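Contents: one structure, followed by commentary.
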Amino acid sequence: MRVTARQLCRRKPLESMIGEAESEASEPGGLRRSMGLTQLTLLGISSVVGTGIFFVLGTAVPKAGPGVVLSFVVAAVVAGLAALCYVELAGAIPVAGSTYSYTYASLGEGAAYLVAWCLILEYGVAVSTVAVSWGQYLNELTDALFGFTLPDAISQPPGAGGVVNIPALVVVLLCSLLLARGTRESARLNAVMVCVKLSVLVLFVAVAFTAFRAGHFADFAPHGASGIGVAASAVFFSYVGFDTVATASEEVRNPRRTIPLALLLTLGAVTVLYILVSLAAVGAQPAGRFGAQAHAGEAVLAEILRDVTGAGWPVVLLSAGAVVSIFSVVLVTLYGQTRILFSMARDGLVPEIFRRVDRKRHTPVGNTWVVGAGVGALAAFVPLQYLADLTSMGTLVAFVAVAAAVVVLRRIAPDAPRPYRVPLYPVVPIVSAASCLYLAWLLPGITWALFGGWLVLAAALYLVFGRRHSALRERAAAPGHAEADVSTTAAQA
């Protein structure tokens, strides 16, 4: 069936999106606005601070040397520019769906569908990657405490000595169970886990700084600016996930104020923490040791603490912190993915099961279990050596779409309420998009090939199912509505 450019670019009016969200929230079985600023900020920090900071220094320092500190700054600037764009859009469009919803209102249905699949890639692959790491850190913890580890066949990913990764499957299913029980309960448990993992990282910084040596920074950038840039594309994985905050718009009190503040607080807190961790790590240990430790499969932060203190407790502490940290990342990232699919189902682009909300728990239970089963299977059975870069690719493309959405919405809806506006417009959105494209360009060729295949699959699914069941298309085709929808589209164009 022929698809016209006009159909692909059909936008969903802002008033319609916000009205649908408010209408569903008022229904007895709808989503509930149960989170405040503190809970939402902790949710954001939880989604960002995960496996990345526990292992990324082992691969990033060999690329940038001590200049890895600047790599974290570069990645933070790229994420920060995107966050400013998110802040404006979150205030103007306080509905679930995050980047997907913003793209639908600005660039049209076809682009929104592809961006949604970028987000599904970002969240689903990120969950699978960190779930695999959960089993590895769990093994380190049980070995340090009890001298016992699970066999590689059931605790390592396929391709790395494993057949099926049971711990990865278990952690995904446990998090799915928590999310199915209720958002408020999950947020409370997440707050506790955030405090635990932040305490572990703060303790690492405090102990590592006692062994700080300025001489370790002498050859600051052995591979020049290009090395710092390549390392920035690697450490960017550590910043992935702050956009999860925007997926919670329909379960947050006063979303126009709470979402933007939570975004800024999340990214600010994480950036300060990451720079302190990298400074402390490189100051406590020569840059040449990081690559060897990573190659040997050692936990870099734990090894630094072991060398500084001369004791064995750092392995226990860091492993326990990582186990808690990864559990919370899986929990929050699964939450974000279910809310993306919830918004898509409301628009008719994916099956209805992803939209159904349990009247007692006020959560999309069927959605949660379908996502949990899919992500759990991916973590348990699929080799994951390329997936961290795929997560970064999906995120960077989504950030480009957000920057474009800010520019387009300023033109087609100039009078829409915007509690926060991007400063130095349009410079910030343009620089944000350009910097994201730069980091994406530095990713390996295999990542581009896999990502291209993913988008081809998404386009095929849109043509087979999404376009045929689109709620906006059906509304436009209904008697008495076609003219209004066409005139709206024409006025916006």
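Residue names in the structure tokens use chain letters A, B, ... in the order shown, residue numbers from 1 in each chain, and ligand numbers from 1 in the order shown.
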Residues within 7 Å of Tyr100 in chain A, please, as a list in words. Count only C-alpha atoms; anything in the same chain fewer than 3 positions from it doesn't count.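 The contact residues come out as Gly97, Thr103, Tyr104, Ala112, Val115 and Ala116 of chain A.
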Can you list every residue of range 103-217 of chain A that has an atom at most 8 Å from range 338-353 of chain A, with its nearest atom pair and the distance in Å to one decimal, using only C-alpha atoms, ordered by chain then number, as a Markdown table?
| residue | atom | partner | partner_atom | distance |
| --- | --- | --- | --- | --- |
| A:Tyr113 | CA | A:Leu349 | CA | 7.8 |
| A:Ala116 | CA | A:Ile340 | CA | 7.1 |
| A:Leu119 | CA | A:Ile340 | CA | 7.8 |
| A:Ile120 | CA | A:Ile340 | CA | 7.8 |
Shell of 9 Å around Leu301 in chain A, only C-alpha atoms, local chain residues under 3 positions omitted, as a ChimeraX atom specification: /A:54-55,57,204,281,298,304-306,314-315,318
Of the candidates A:Thr309, A:Thr129, A:Ser176, A:Thr149, which one gets nearest to Ala206 in chain A if we count only C-alpha atoms? A:Thr309
Pick from A:Leu141, A:Pro429, A:Ala79, A:Tyr274 nearest to Asp243 in chain A, counting only C-alpha atoms: A:Ala79
Name the closest residue to Pro417 in chain A among the candidates A:Ala287, A:Ala60, A:Ala221, A:Ala90; distances are taken between atoms, counting only C-alpha atoms. A:Ala90
Return as a tab-separated table the residues of range 65-136 of chain A lying at most 10 Å from range 229-237 of chain A, together with the closest atom-to-atom pair for each and the distance in Å to one decimal, counting only C-alpha atoms, with rows in chain order and ascending residue number.
residue	atom	partner	partner_atom	distance
A:Gly65	CA	A:Ala231	CA	9.2
A:Gly67	CA	A:Ala231	CA	9.0
A:Val68	CA	A:Ala231	CA	6.7
A:Val69	CA	A:Ala232	CA	9.4
A:Leu70	CA	A:Ala232	CA	8.1
A:Ser71	CA	A:Ala232	CA	4.3
A:Phe72	CA	A:Ala232	CA	6.2
A:Val73	CA	A:Ala232	CA	8.2
A:Val74	CA	A:Ala232	CA	6.2
A:Ala75	CA	A:Phe236	CA	5.3
A:Ala76	CA	A:Phe236	CA	7.8
A:Val78	CA	A:Phe236	CA	8.7
A:Ala79	CA	A:Phe236	CA	8.2
A:Ala126	CA	A:Phe237	CA	9.0
With only C-alpha atoms as the atoms that count, which of A:Gly321, A:Gly36, A:Gly108, A:Gly312 lies nearest to Val200 in chain A?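 Distance minimum relative to Val200 in chain A lands on A:Gly321.
Distances here use only C-alpha atoms; by that measure, the residue among A:Ile326, A:Gly372, A:Ile259, A:Val397 closest to Trp441 in chain A is A:Val397.
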Which is closer to Thr244 in chain A than all the others in A:Pro167, A:Gly224, A:Gly288, A:Gly44, using only C-alpha atoms?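 Smallest separation from Thr244 in chain A among the options: A:Gly44.
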Which distance in Å separates CA of Val127 in chain A and CA of Val330 in chain A, to one decimal? 5.3 Å
Could you pull the residues within 9 Å of Val132 in chain A, counting only C-alpha atoms, minus those fewer than 5 positions along the same chain, as a PyMOL selection string? chain A and resi 127+155-157+165+167-169+379-380+384
Which of range 77-316 of chain A fall in alpha helix (DSSP H), as a ChimeraX atom specification: /A:77-92,99-106,109-146,152-155,166-181,183-208,224-235,255-284,288-295,300-309,313-316
Interface rows for range 98-187 of chain A against range 389-394 of chain A: nearest pair, Å to one decimal, 8 Å, only C-alpha atoms, as a tab-separated table:
residue	atom	partner	partner_atom	distance
A:Cys118	CA	A:Gly394	CA	4.6
A:Leu119	CA	A:Gly394	CA	6.2
A:Leu121	CA	A:Gly394	CA	6.1
A:Glu122	CA	A:Thr391	CA	4.4
A:Tyr123	CA	A:Thr391	CA	7.4
A:Val125	CA	A:Thr391	CA	6.0
A:Ala126	CA	A:Thr391	CA	5.9
